>>> print(open('my_file-v3.tsv').read())   # TSV, C-alpha atoms and all ligand atoms
chain	number	residue	atom	x	y	z
I	16	MET	CA	0.00	0.00	0.00
I	17	GLY	CA	1.52	3.34	-1.02
I	18	ASN	CA	1.54	6.49	1.08
I	19	ASN	CA	0.39	9.17	-1.32
I	20	GLY	CA	-1.68	11.00	1.26
I	21	GLY	CA	-4.51	13.37	0.41
I	22	SER	CA	-4.30	16.01	-2.29
I	23	GLY	CA	-0.89	17.62	-2.52
I	24	GLY	CA	0.80	14.62	-0.89
I	25	ARG	CA	-0.41	15.52	2.62
I	26	PRO	CA	-1.96	12.85	4.87
I	27	TYR	CA	-5.67	12.12	4.42
I	28	GLY	CA	-7.68	14.35	6.73
I	29	TRP	CA	-10.35	12.44	8.65
I	30	ALA	CA	-13.37	13.56	10.68
I	31	LEU	CA	-16.13	11.79	12.56
I	32	ILE	CA	-19.87	12.44	12.82
I	33	GLY	CA	-21.39	10.58	15.78
I	34	CYS	CA	-18.93	10.23	18.66
I	35	GLY	CA	-20.47	7.37	20.66
I	36	GLY	CA	-19.41	3.75	21.08
I	37	ALA	CA	-18.89	2.90	17.42
I	38	GLY	CA	-17.42	6.32	16.66
I	39	SER	CA	-14.70	5.70	19.27
I	40	GLY	CA	-13.62	2.64	17.27
I	41	HIS	CA	-13.46	4.71	14.07
I	42	ALA	CA	-11.35	7.33	15.88
I	43	ARG	CA	-8.93	4.69	17.14
I	44	GLY	CA	-8.70	3.19	13.65
I	45	ALA	CA	-8.03	6.61	12.10
I	46	ALA	CA	-5.42	7.53	14.71
I	47	GLU	CA	-3.61	4.22	14.20
I	48	THR	CA	-3.41	4.64	10.40
I	49	PRO	CA	-0.16	6.37	9.38
I	50	GLU	CA	-1.61	7.90	6.18
I	51	VAL	CA	-4.41	9.57	8.14
I	52	GLU	CA	-4.56	12.71	10.26
I	53	VAL	CA	-7.44	13.39	12.64
I	54	ARG	CA	-9.13	16.73	11.88
I	55	GLY	CA	-12.42	16.95	13.74
I	56	PHE	CA	-15.26	15.48	15.76
I	57	CYS	CA	-18.95	16.28	15.38
I	58	ASP	CA	-21.71	15.30	17.78
I	59	VAL	CA	-24.98	16.84	18.91
I	60	VAL	CA	-23.75	16.15	22.45
I	61	PRO	CA	-20.61	18.34	22.80
I	62	GLU	CA	-19.14	16.23	25.64
I	63	SER	CA	-19.07	13.16	23.39
I	64	ALA	CA	-17.04	14.98	20.74
I	65	GLU	CA	-14.80	16.55	23.41
I	66	ARG	CA	-14.06	13.14	24.91
I	67	LEU	CA	-12.57	11.96	21.62
I	68	GLN	CA	-10.90	15.31	20.94
I	69	SER	CA	-9.05	15.05	24.27
I	70	GLU	CA	-7.66	11.72	23.15
I	71	TYR	CA	-6.97	12.31	19.45
I	72	GLY	CA	-6.86	16.11	18.91
I	73	GLY	CA	-8.64	18.04	16.15
I	74	TYR	CA	-11.59	20.40	16.51
I	75	VAL	CA	-15.07	19.88	17.97
I	76	THR	CA	-18.30	20.95	16.34
I	77	ALA	CA	-22.02	20.31	16.62
I	78	ASP	CA	-22.49	21.31	12.96
I	79	PRO	CA	-21.62	18.62	10.39
I	80	GLN	CA	-21.46	21.33	7.72
I	81	ARG	CA	-18.19	22.51	9.24
I	82	ILE	CA	-16.74	19.11	8.35
I	83	PHE	CA	-18.22	19.06	4.85
I	84	ASP	CA	-16.87	22.57	4.20
I	85	ASP	CA	-13.41	21.73	5.50
I	86	PRO	CA	-11.11	21.22	2.51
I	87	SER	CA	-8.55	19.45	4.69
I	88	VAL	CA	-11.05	16.64	5.41
I	89	ASP	CA	-10.84	13.86	2.82
I	90	ILE	CA	-12.56	11.03	4.70
I	91	VAL	CA	-15.66	11.19	6.90
I	92	SER	CA	-16.79	8.46	9.27
I	93	ILE	CA	-20.50	8.39	10.06
I	94	ALA	CA	-21.48	6.59	13.25
I	95	THR	CA	-24.82	8.17	14.14
I	96	PRO	CA	-28.01	6.21	14.99
I	97	HIS	CA	-29.56	4.23	12.14
I	98	SER	CA	-32.07	6.73	10.78
I	99	MET	CA	-29.35	9.41	10.69
I	100	HIS	CA	-26.98	7.87	8.15
I	101	THR	CA	-28.49	8.95	4.85
I	102	GLU	CA	-28.56	12.72	5.27
I	103	PRO	CA	-24.94	13.18	6.38
I	104	ALA	CA	-23.78	10.48	3.94
I	105	LEU	CA	-25.32	12.33	0.98
I	106	ALA	CA	-23.98	15.68	2.22
I	107	ALA	CA	-20.49	14.24	2.71
I	108	ILE	CA	-20.47	12.71	-0.78
I	109	ALA	CA	-21.77	15.97	-2.28
I	110	ALA	CA	-18.78	17.67	-0.64
I	111	GLY	CA	-16.45	15.15	-2.32
I	112	LYS	CA	-15.56	13.20	0.85
I	113	HIS	CA	-14.83	9.49	1.02
I	114	LEU	CA	-17.00	7.61	3.52
I	115	TRP	CA	-16.44	5.06	6.23
I	116	LEU	CA	-20.08	4.41	7.02
I	117	GLU	CA	-21.63	2.48	9.87
I	118	LYS	CA	-24.20	-0.25	9.36
I	119	PRO	CA	-26.98	-0.38	8.41
I	120	MET	CA	-26.06	1.64	5.32
I	121	ALA	CA	-29.59	3.08	5.58
I	122	MET	CA	-32.97	1.84	6.81
I	123	SER	CA	-34.47	1.39	3.33
I	124	THR	CA	-33.16	0.00	0.06
I	125	GLU	CA	-34.25	3.20	-1.63
I	126	GLU	CA	-32.04	5.32	0.60
I	127	CYS	CA	-29.12	2.91	0.16
I	128	LEU	CA	-29.49	3.23	-3.61
I	129	GLN	CA	-29.51	7.03	-3.32
I	130	ILE	CA	-26.25	6.95	-1.40
I	131	ALA	CA	-24.71	4.48	-3.85
I	132	ALA	CA	-25.80	6.52	-6.88
I	133	ALA	CA	-24.41	9.71	-5.35
I	134	GLN	CA	-21.13	7.96	-4.57
I	135	ARG	CA	-20.85	6.56	-8.09
I	136	ALA	CA	-21.52	9.98	-9.60
I	137	ALA	CA	-19.00	11.67	-7.32
I	138	GLY	CA	-16.32	9.04	-7.94
I	139	THR	CA	-15.59	8.84	-4.21
I	140	GLN	CA	-15.06	5.73	-2.10
I	141	LEU	CA	-17.35	4.21	0.50
I	142	MET	CA	-16.64	1.39	2.93
I	143	LEU	CA	-19.25	-0.05	5.27
I	144	ASN	CA	-18.25	-1.04	8.77
I	145	PHE	CA	-19.56	-4.60	8.83
I	146	SER	CA	-17.15	-5.48	11.65
I	147	PHE	CA	-17.02	-9.23	11.26
I	148	ARG	CA	-15.52	-8.89	7.80
I	149	PHE	CA	-12.38	-7.69	9.56
I	150	SER	CA	-12.27	-10.58	12.06
I	151	GLY	CA	-9.23	-12.82	11.55
I	152	ALA	CA	-11.25	-15.94	12.41
I	153	VAL	CA	-14.05	-15.06	9.97
I	154	ARG	CA	-11.57	-14.38	7.17
I	155	GLU	CA	-9.74	-17.63	7.88
I	156	ALA	CA	-13.04	-19.53	7.77
I	157	LYS	CA	-13.79	-18.00	4.36
I	158	ARG	CA	-10.27	-18.71	3.09
I	159	ARG	CA	-10.52	-22.36	4.06
I	160	LEU	CA	-14.14	-23.14	3.23
I	161	GLY	CA	-14.86	-20.95	0.26
I	162	ARG	CA	-18.60	-21.09	-0.32
I	163	PRO	CA	-20.54	-23.25	2.15
I	164	MET	CA	-23.62	-25.30	1.26
I	165	VAL	CA	-25.31	-24.92	4.61
I	166	SER	CA	-24.86	-22.19	7.20
I	167	HIS	CA	-26.33	-20.75	10.37
I	168	ALA	CA	-26.05	-17.25	11.84
I	169	GLN	CA	-27.06	-16.54	15.40
I	170	CYS	CA	-27.11	-13.55	17.73
I	171	LEU	CA	-28.63	-14.19	21.15
I	172	MET	CA	-28.42	-11.43	23.74
I	173	ALA	CA	-29.52	-10.84	27.30
I	174	PRO	CA	-32.89	-9.05	27.53
I	175	ALA	CA	-32.30	-5.57	26.17
I	176	ASP	CA	-32.89	-2.13	27.68
I	177	LEU	CA	-35.72	-0.83	25.50
I	178	ASN	CA	-34.98	2.78	26.46
I	179	ARG	CA	-31.99	2.86	24.14
I	180	TRP	CA	-32.42	4.48	20.69
I	181	ARG	CA	-31.84	1.10	19.03
I	182	TRP	CA	-35.37	0.10	20.03
I	183	ASP	CA	-37.00	3.32	18.87
I	184	PRO	CA	-39.17	2.39	15.86
I	185	VAL	CA	-38.00	5.36	13.81
I	186	ILE	CA	-34.42	5.99	14.94
I	187	GLY	CA	-33.22	2.44	15.57
I	188	GLY	CA	-35.83	0.07	14.15
I	189	GLY	CA	-35.03	-2.75	16.55
I	190	PRO	CA	-32.53	-5.59	16.47
I	191	LEU	CA	-32.85	-6.64	12.84
I	192	TRP	CA	-31.51	-3.21	11.82
I	193	ASP	CA	-28.78	-3.43	14.43
I	194	ILE	CA	-27.55	-7.02	14.65
I	195	GLY	CA	-29.61	-8.52	11.78
I	196	VAL	CA	-27.70	-6.62	9.09
I	197	HIS	CA	-24.41	-8.03	10.43
I	198	MET	CA	-25.72	-11.59	10.18
I	199	VAL	CA	-27.23	-11.10	6.75
I	200	ASP	CA	-24.07	-9.47	5.43
I	201	LEU	CA	-21.88	-12.31	6.68
I	202	LEU	CA	-24.18	-15.00	5.28
I	203	CYS	CA	-24.25	-13.27	1.88
I	204	TRP	CA	-20.48	-12.86	1.96
I	205	PHE	CA	-19.97	-16.54	2.70
I	206	HIS	CA	-22.54	-17.66	0.13
I	207	GLU	CA	-21.20	-15.05	-2.35
I	208	ALA	CA	-24.67	-13.81	-3.31
I	209	ALA	CA	-27.88	-12.32	-2.03
I	210	PRO	CA	-30.49	-14.97	-1.23
I	211	VAL	CA	-33.21	-15.51	-3.82
I	212	GLU	CA	-35.84	-16.24	-1.19
I	213	VAL	CA	-36.31	-15.69	2.54
I	214	TYR	CA	-38.90	-16.98	4.93
I	215	ALA	CA	-39.02	-15.70	8.49
I	216	THR	CA	-41.17	-16.06	11.54
I	217	GLY	CA	-41.03	-14.53	15.01
I	218	GLY	CA	-42.28	-11.17	16.20
I	219	GLN	CA	-42.60	-9.73	19.68
I	220	LEU	CA	-41.70	-12.64	21.94
I	221	THR	CA	-39.36	-11.14	24.52
I	222	HIS	CA	-41.11	-7.77	25.01
I	223	ARG	CA	-44.74	-8.51	24.19
I	224	GLU	CA	-46.19	-5.78	26.37
I	225	ALA	CA	-43.51	-3.14	26.09
I	226	LEU	CA	-43.41	-3.27	22.28
I	227	ALA	CA	-47.17	-3.53	21.79
I	228	GLY	CA	-48.34	-0.86	19.36
I	229	THR	CA	-45.00	-0.82	17.52
I	230	ASP	CA	-43.98	-3.05	14.64
I	231	ILE	CA	-40.57	-3.82	16.13
I	232	VAL	CA	-39.55	-7.46	15.85
I	233	ASP	CA	-37.51	-8.65	18.85
I	234	THR	CA	-37.14	-12.29	17.81
I	235	THR	CA	-36.58	-13.74	14.35
I	236	ALA	CA	-36.08	-17.25	13.00
I	237	ALA	CA	-35.40	-17.06	9.27
I	238	THR	CA	-34.36	-19.27	6.39
I	239	LEU	CA	-32.46	-18.01	3.36
I	240	ARG	CA	-32.18	-19.87	0.05
I	241	PHE	CA	-29.46	-19.03	-2.46
I	242	ALA	CA	-29.52	-19.44	-6.23
I	243	ASP	CA	-26.82	-22.14	-6.13
I	244	GLY	CA	-28.99	-24.27	-3.81
I	245	GLY	CA	-27.16	-23.21	-0.64
I	246	VAL	CA	-29.32	-22.70	2.45
I	247	ALA	CA	-28.91	-20.71	5.65
I	248	THR	CA	-30.78	-20.15	8.87
I	249	LEU	CA	-30.72	-17.02	11.01
I	250	LEU	CA	-31.74	-16.75	14.65
I	251	ALA	CA	-31.85	-13.41	16.45
I	252	SER	CA	-33.35	-12.59	19.84
I	253	ASP	CA	-32.76	-10.98	23.19
I	254	ALA	CA	-34.39	-13.93	24.98
I	255	ASP	CA	-31.08	-14.63	26.76
I	256	PHE	CA	-27.31	-14.83	26.43
I	257	ASN	CA	-25.46	-18.12	26.83
I	258	ALA	CA	-21.67	-17.95	27.17
I	259	TYR	CA	-21.23	-21.45	25.72
I	260	VAL	CA	-22.00	-20.21	22.21
I	261	SER	CA	-21.41	-16.48	22.95
I	262	LYS	CA	-23.55	-13.65	21.60
I	263	TRP	CA	-22.48	-14.20	17.99
I	264	PHE	CA	-22.33	-17.73	16.63
I	265	PHE	CA	-21.94	-18.89	13.03
I	266	GLU	CA	-21.77	-22.38	11.54
I	267	LEU	CA	-20.65	-23.14	7.98
I	268	TYR	CA	-20.77	-26.58	6.42
I	269	GLY	CA	-19.56	-28.43	3.40
I	270	PRO	CA	-18.94	-29.98	1.24
I	271	GLY	CA	-16.85	-32.23	3.49
I	272	GLU	CA	-15.54	-29.54	5.83
I	273	SER	CA	-17.00	-27.22	8.40
I	274	ALA	CA	-16.32	-24.17	10.53
I	275	VAL	CA	-17.87	-22.83	13.70
I	276	LEU	CA	-17.26	-19.19	14.65
I	277	TYR	CA	-17.79	-18.32	18.30
I	278	ASN	CA	-16.26	-16.21	21.09
I	279	HIS	CA	-17.74	-13.08	19.45
I	280	CYS	CA	-16.45	-14.40	16.09
I	281	ARG	CA	-12.87	-14.26	17.37
I	282	THR	CA	-12.37	-18.05	17.35
I	283	LEU	CA	-12.78	-20.53	14.55
I	284	ALA	CA	-13.24	-24.27	15.13
I	285	TYR	CA	-12.40	-25.90	11.82
I	286	ASN	CA	-13.01	-29.45	10.70
I	287	GLY	CA	-10.91	-30.07	7.63
I	288	THR	CA	-11.12	-32.37	4.69
I	289	GLY	CA	-8.95	-35.42	4.24
I	290	GLY	CA	-6.96	-35.51	7.48
I	291	PRO	CA	-7.99	-36.44	10.99
I	292	ARG	CA	-11.42	-35.16	11.96
I	293	ALA	CA	-10.13	-33.46	15.10
I	294	VAL	CA	-11.32	-29.87	15.39
I	295	GLU	CA	-8.60	-27.28	14.91
I	296	LYS	CA	-9.14	-24.10	16.95
I	297	LEU	CA	-7.71	-20.84	15.64
I	298	SER	CA	-7.95	-17.21	16.79
I	299	PRO	CA	-6.10	-15.13	14.17
I	300	PRO	CA	-6.02	-11.40	15.04
I	301	ALA	CA	-8.47	-8.98	13.45
I	302	VAL	CA	-7.16	-6.80	10.64
I	303	ALA	CA	-7.11	-2.99	10.73
I	304	ARG	CA	-10.05	-1.48	8.85
I	305	MET	CA	-9.05	2.00	7.74
I	306	PRO	CA	-6.14	0.79	5.54
I	307	TYR	CA	-8.69	-0.96	3.31
I	308	LEU	CA	-10.44	2.33	2.64
I	309	ILE	CA	-7.13	4.09	2.03
I	310	GLU	CA	-6.12	1.36	-0.39
I	311	ALA	CA	-9.38	1.74	-2.35
I	312	ILE	CA	-8.88	5.53	-2.50
I	313	GLN	CA	-5.29	5.18	-3.68
I	314	GLN	CA	-5.87	2.39	-6.17
I	315	GLY	CA	-9.26	3.58	-7.40
I	316	THR	CA	-10.61	0.08	-6.80
I	317	GLU	CA	-13.80	-0.95	-5.04
I	318	SER	CA	-13.49	-0.89	-1.25
I	319	TYR	CA	-13.36	-4.08	0.83
I	320	VAL	CA	-17.00	-3.63	1.91
I	321	PRO	CA	-18.61	-1.55	-0.84
I	322	ALA	CA	-22.05	0.02	-1.15
I	323	ARG	CA	-23.44	-3.08	-2.88
I	324	ASN	CA	-23.04	-5.06	0.35
I	325	GLY	CA	-24.86	-2.39	2.36
I	326	ILE	CA	-27.73	-2.34	-0.14
I	327	ILE	CA	-28.09	-6.13	-0.04
I	328	ALA	CA	-28.05	-6.30	3.77
I	329	THR	CA	-30.81	-3.68	3.99
I	330	LEU	CA	-32.83	-5.30	1.19
I	331	VAL	CA	-32.70	-8.71	2.87
I	332	VAL	CA	-33.64	-7.28	6.28
I	333	GLU	CA	-36.62	-5.56	4.64
I	334	ASN	CA	-37.66	-8.93	3.18
I	335	ILE	CA	-37.19	-10.74	6.49
I	336	LEU	CA	-39.36	-8.15	8.25
I	337	GLU	CA	-42.02	-8.42	5.56
I	338	SER	CA	-42.00	-12.20	5.89
I	339	VAL	CA	-42.39	-12.03	9.68
I	340	ARG	CA	-45.29	-9.61	9.28
I	341	SER	CA	-47.05	-11.36	6.40
I	342	GLY	CA	-46.27	-14.96	7.35
I	343	ARG	CA	-45.24	-15.57	3.73
I	344	PRO	CA	-41.95	-16.39	2.04
I	345	GLN	CA	-40.49	-13.44	0.14
I	346	VAL	CA	-38.76	-13.56	-3.22
I	347	VAL	CA	-35.76	-11.25	-2.94
I	348	GLU	CA	-35.71	-9.05	-6.01
I	349	LEU	CA	-32.43	-7.30	-6.58
I	350	PRO	CA	-32.79	-3.68	-7.68
I	351	ALA	CA	-31.90	-3.10	-11.34
I	352	GLU	CA	-28.64	-1.45	-10.20
I	353	LEU	CA	-27.48	-4.78	-8.72
I	354	ALA	CA	-29.15	-7.28	-11.03
I	355	GLY	CA	-26.73	-9.27	-13.14
I	356	GLU	CA	-23.86	-8.88	-10.68
I	401	LIG	N1	-19.89	-2.05	13.26
I	401	LIG	C1	-20.18	-2.39	14.50
I	401	LIG	O1	-19.77	-3.42	15.00
I	401	LIG	C2	-21.02	-1.47	15.33
I	401	LIG	C3	-21.03	-1.56	16.74
I	401	LIG	C4	-21.82	-0.66	17.45
I	401	LIG	C5	-22.58	0.27	16.76
I	401	LIG	N2	-22.55	0.30	15.40
I	401	LIG	C6	-23.33	1.29	14.63
I	401	LIG	O2	-22.80	2.60	14.87
I	401	LIG	C7	-23.86	3.55	14.86
I	401	LIG	C8	-23.87	4.27	16.20
I	401	LIG	O3	-24.06	3.32	17.23
I	401	LIG	P1	-23.40	3.55	18.67
I	401	LIG	O4	-23.48	2.25	19.39
I	401	LIG	O5	-22.07	4.20	18.55
I	401	LIG	O6	-24.43	4.56	19.30
I	401	LIG	P2	-24.15	5.64	20.42
I	401	LIG	O7	-25.46	6.06	20.94
I	401	LIG	O8	-23.10	5.17	21.34
I	401	LIG	O9	-23.51	6.86	19.57
I	401	LIG	C9	-24.21	7.63	18.63
I	401	LIG	C10	-23.68	9.05	18.71
I	401	LIG	O10	-24.26	9.81	17.68
I	401	LIG	C11	-24.59	11.09	18.22
I	401	LIG	N3	-25.60	11.70	17.36
I	401	LIG	C12	-26.93	11.45	17.32
I	401	LIG	N4	-27.50	12.19	16.35
I	401	LIG	C13	-26.52	12.92	15.77
I	401	LIG	C14	-26.50	13.86	14.72
I	401	LIG	N5	-27.60	14.20	14.04
I	401	LIG	N6	-25.31	14.42	14.39
I	401	LIG	C15	-24.17	14.10	15.05
I	401	LIG	N7	-24.14	13.20	16.08
I	401	LIG	C16	-25.31	12.62	16.43
I	401	LIG	C17	-25.05	10.80	19.63
I	401	LIG	O11	-25.01	11.94	20.45
I	401	LIG	C18	-24.02	9.74	20.04
I	401	LIG	O12	-22.86	10.30	20.59
I	401	LIG	C19	-25.12	2.75	14.56
I	401	LIG	O13	-25.33	2.76	13.17
I	401	LIG	C20	-24.79	1.35	15.02
I	401	LIG	O14	-25.50	0.33	14.38
I	401	LIG	C21	-21.77	-0.53	14.70
>>> encode(input="my_file-v3.tsv", output="structure tokens")
Amino acid sequence: MGNNGGSGGRPYGWALIGCGGAGSGHARGAAETPEVEVRGFCDVVPESAERLQSEYGGYVTADPQRIFDDPSVDIVSIATPHSMHTEPALAAIAAGKHLWLEKPMAMSTEECLQIAAAQRAAGTQLMLNFSFRFSGAVREAKRRLGRPMVSHAQCLMAPADLNRWRWDPVIGGGPLWDIGVHMVDLLCWFHEAAPVEVYATGGQLTHREALAGTDIVDTTAATLRFADGGVATLLASDADFNAYVSKWFFELYGPGESAVLYNHCRTLAYNGTGGPRAVEKLSPPAVARMPYLIEAIQQGTESYVPARNGIIATLVVENILESVRSGRPQVVELPAELAGE
């Protein structure tokens, strides 16, 4: 990877919008990347931006326009709540900035397509922060298995605090928009396609009374069918956490080999072909994320987790939700922009 820096050979200027839990990870990633210089932090809560400023430097603002207008900012991270991705993403792209964007890309396929179209027209780069793609164990599972025939994705959490924005029907949308997109993205990455059909059941099982009157789904059991005949199941709920499998748990099978990802996707238990059937346990370290975006900017190639993946994750979550609500299987129709890929 070269070190061309931003325009004029200087380092790439980076700024963050949304300085909470996920934003802190972006800030650390930016600060640890030699080609990048931290410029500013934006949050509607000044203390949140100041907390990161005290650690990494740069300026603090409550107005994202200051970041968009700043010519020394080349890359913008967006780590605001779910319903607040599209507006700053479009504004950042319009200002010519590259994006490191949190998941979900947006809460509707239509908005995802708007962001993708704007990015294409601007010729800027966009990388989604689907974290598990950067896990050493996940990448090793993919390297060894290639495309599985059968897979399972699971996220089981302790009963959630419904006062958090994640459970707000408009701002957060509930767990499928939070954890569901991670699972869908990983399944599609392993199966190397979007599913052609999903069927899902579930609903309000863990918070029947508290969620009554909203359409938030707290528990989902889904099946996904892929064009090559591959099948996957997905289980998501805050019914309870069990440390034996950990919060995140993935299984990938065949043909003739298998992988289980557990310990928050940090550990891979691999059953190989040919040799002894003893399980091999591996915990390769995660890889740094920001260098992948820098590489895409420098090489002019598609980023490691491009817009297409964000669109598909949102599209599939929409179909899962529709299936839960209607009780019917859903044919997943790729938008024209993605058809044929
Ligand atoms: N990739 C991952 O593994 C991962 C992990 C956690 C969260 N996330 C994602 O990151 C995003 C943020 O989640 P979080 O856990 O950091 O939430 P959080 O509540 O900790 O942080 C969100 C921050 O955004 C700020 N904010 C809200 N509206 C804003 C606005 N209009 N302009 C500027 N700042 C605003 C809030 O004040 C807060 O500081 C979500 O999309 C979430 O799904 C991703």
>>> residues_around(input="my_file-v3.tsv", residues="Ile327 in chain I", least_positions_apart="4", cutoff="10 Å", atoms="all atoms listed in the file", output="list in words")
Met120, Thr124, Cys127, Val196, Val199, Asp200, Cys203, Ala208, Ala209, Pro210, Ala322, Arg323, Val331, Val332, Glu333, Val347, Leu349, Pro350 and Leu353 of chain I
>>> residues_near_ligand(input="my_file-v3.tsv", ligand="ligand LIG 401 (chain I)", cutoff="8 Å", atoms="all atoms listed in the file", output="PyMOL selection string")
chain I and resi 32-39+57-60+63-64+77-79+93-97+99-100+117-120+144-147+179-181+192-194+197
>>> residues_around(input="my_file-v3.tsv", residues="Val320 in chain I", least_positions_apart="2", cutoff="6 Å", atoms="all atoms listed in the file", output="VMD selection string")
chain I and resid 142 to 143 318
>>> atom_distance(input="my_file-v3.tsv", atom1="CA of Gln80 in chain I", atom2="CA of Gln314 in chain I")
28.2 Å
>>> atom_distance(input="my_file-v3.tsv", atom1="CA of Gly28 in chain I", atom2="CA of Arg54 in chain I")
5.9 Å
>>> residues_around(input="my_file-v3.tsv", residues="Trp182 in chain I", least_positions_apart="4", cutoff="12 Å", atoms="only C-alpha atoms", output="VMD selection string")
chain I and resid 96 to 98 175 to 178 186 to 194 222 225 to 226 229 to 233 253
>>> closest_residue(input="my_file-v3.tsv", among="I:Gly138, I:Gly342, I:Pro299, I:Pro26", to="His113 in chain I", atoms="all atoms listed in the file")
I:Gly138
>>> residues_around(input="my_file-v3.tsv", residues="Glu272 in chain I", least_positions_apart="5", cutoff="9 Å", atoms="all atoms listed in the file", output="list in words")
Arg159, Leu160, Pro163, Leu267, Tyr285, Asn286, Gly287, Thr288 and Gly289 of chain I
>>> closest_residue(input="my_file-v3.tsv", among="I:Ala236, I:Ala227, I:Leu114, I:Ile108", to="Ala215 in chain I", atoms="only C-alpha atoms")
I:Ala236
>>> atom_distance(input="my_file-v3.tsv", atom1="CA of Gly325 in chain I", atom2="CA of Glu50 in chain I")
25.7 Å
>>> residues_around(input="my_file-v3.tsv", residues="Ala303 in chain I", least_positions_apart="4", cutoff="10 Å", atoms="all atoms listed in the file", output="ChimeraX atom specification")
/I:44-45,47-48,149-150,307
>>> axis_aligned_box(input="my_file-v3.tsv", around="range 40-57 of chain I", padding_each_side="6 Å", output="JSON")
{"center_x": -9.6, "center_y": 9.8, "center_z": 11.7, "size_x": 30.8, "size_y": 26.3, "size_z": 23.1}
